[in-house]
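Chemist: Let me give you the structure first, and then I'll get to my questions.
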Amino acid sequence: MKGLRRKYYDIFSNFYDKIIALHSKDRSQRLRRYLIEKSGFRPGQYLLDACTGTGSVALEAARFSKGKGVVAGVDFSIGMLSKAVKKASGIGNVFFVLSDVGTLSFKDDTFHVVTCSHAMYELCPQTRQAALSQFRRVLRPGGRFIMMEHTPPSSPVIKFLYQLRILSMGSAGNREFAKDERRELSMFFKDVVLEIVPGGRSKVVYGTKD
């Protein structure tokens with residue numbers, strides 16, 4: 001199953017950025033910047049972007065850091081990462097790693113911030129909990145994990161597509177996670193907070209490593 005998912009994302013990488021640009025115009029860039037700012041990331045720190053895809057959040061973080069510190073993007077799709085590497089040309093403090101988020105190879109207490117944008121819903125419960133455990137491990141004490149996801153849309157058509165996505169998640173555990181991520185995140189992080197992003201179409205959920 002994982003091999004099929006990897007192949008799907010390898011192929012989807014050829015269209016991903018164009019679809020996002022067509023759908024959201026500049027809104028996606030504003031959301032990425034909001035995620036970075038809300039994460040507490042500062043120039044000179046270390047940030048890990050999990051399920052980085054074509055690297056949009058990682059690259060936004062690298063630009064935000066003004067060349068200071070280190071930004072790493074991780075994904076299991078070589079197709080997605082090949083696009084990310086091309087987009088990162090000329091940016092010196094960002095690099096990309098081919099890895100499953102449930103088995104990260106970074107040392108303990110490496111990063112100040114771990115981000116994940118619109119990807120946690122795609123992980124099966126076992127992989128998601130393994131990933132959350134890994135995020136906690138690689139975060140420094142006091143570091144923050146923050147994820148961004150869509151809120152249920154109001155448009156009937158988009159809402160229907162959103163519900164299809166939730167139903168496609170398969171297990172009841174995944175659907176419960178999509179309803180309220182705080183319970184599961186609280187198993188790994190303290191002071192978990194859910195906030196609606198200005199504009200109301202997305203939310204961030206974040207917590208701290210004690």
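Following the order of the structure tokens, first chain is A, next is B, and so on, with residues numbered from 1 inside each chain and ligands from 1 in the order they appear.
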Kindly assemble as CSV a list of the segment 94-116 of chain A residues that lie within 12 Å of segment 185-206 of chain A, each paired with its nearest atom pair and their distance in Å to one decimal, using only C-alpha atoms, sorted first by chain and then by ascending residue number.
Modeler:
residue,atom,partner,partner_atom,distance
A:Val113,CA,A:Tyr206,CA,10.4
A:Val114,CA,A:Tyr206,CA,9.8
A:Thr115,CA,A:Tyr206,CA,9.2
A:Cys116,CA,A:Val204,CA,9.8
Chemist: Figure out the distance between atom CA of Leu81 of chain A and atom CA of Thr52 of chain A, please, to one decimal in Å.
Modeler: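 Between atom CA of Thr52 of chain A and atom CA of Leu81 of chain A the gap works out to 8.0 Å.
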Chemist: Rounded to one decimal in Å, what is the spacing between atom CA of Cys51 of chain A and atom CA of Arg137 of chain A?
Modeler: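 Interatomic distance here is 16.7 Å.
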Chemist: Looking at A:Ala130, A:Val57, A:Val71, A:Ala178, which one is nearest to Phe96 of chain A, with distances taken over only C-alpha atoms?
Modeler: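 Among A:Ala130, A:Val57, A:Val71, A:Ala178, it is A:Val71 that comes nearest to Phe96 of chain A.
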Chemist: What's around Tyr121 of chain A at 8 Å? Count only C-alpha atoms, leave out sequence neighbours fewer than 3 positions away in its own chain, and write the answer as a VMD selection string.
Modeler: chain A and resid 118 124 169 174 177 to 178
Chemist: Restricted to N, CA and C atoms, what would the selected residues look like written as a tab-separated table (two decimals), in the first residue's frame?
Modeler:
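Contents of part39.tsv, as written:
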chain	number	residue	atom	x	y	z
A	118	HIS	N	-1.15	20.53	5.82
A	118	HIS	CA	-2.13	19.82	5.00
A	118	HIS	C	-1.67	18.41	4.61
A	124	CYS	N	-2.05	7.15	7.90
A	124	CYS	CA	-2.84	6.19	8.64
A	124	CYS	C	-2.56	6.38	10.14
A	169	MET	N	-10.47	8.53	4.34
A	169	MET	CA	-9.44	8.26	5.34
A	169	MET	C	-9.59	6.87	5.93
A	174	ASN	N	-8.98	7.96	12.10
A	174	ASN	CA	-8.61	9.08	11.25
A	174	ASN	C	-9.71	10.12	11.21
A	177	PHE	N	-9.72	12.08	14.38
A	177	PHE	CA	-8.59	13.00	14.39
A	177	PHE	C	-8.92	14.26	13.59
A	178	ALA	N	-9.58	14.09	12.45
A	178	ALA	CA	-9.93	15.24	11.62
A	178	ALA	C	-10.94	16.15	12.30
Chemist: Do you have the atom CA of Gly207 of chain A-atom CA of Leu98 of chain A distance handy?
Modeler: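 The value is 25.5 Å.
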Chemist: Taking the DSSP secondary structure from the backbone, can you list the residues of segment 22-73 of chain A that are alpha helix (DSSP H), as a list of chain:residue names?
Modeler: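 Across segment 22-73 of chain A, those assigned alpha helix (DSSP H) are A:Leu22, A:His23, A:Ser24, A:Arg27, A:Ser28, A:Gln29, A:Arg30, A:Leu31, A:Arg32, A:Arg33, A:Tyr34, A:Leu35, A:Ile36, A:Glu37, A:Lys38, A:Ser39, A:Ser56, A:Val57, A:Ala58, A:Leu59, A:Glu60, A:Ala61, A:Ala62, A:Arg63, A:Phe64, A:Ser65.
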Chemist: To test your reading of the structure, identify every residue in segment 91-143 of chain A that backbone DSSP assigns to strand (DSSP E or B), and report it as a PyMOL selection string.
Modeler: chain A and resi 94-98+111-117+139-143
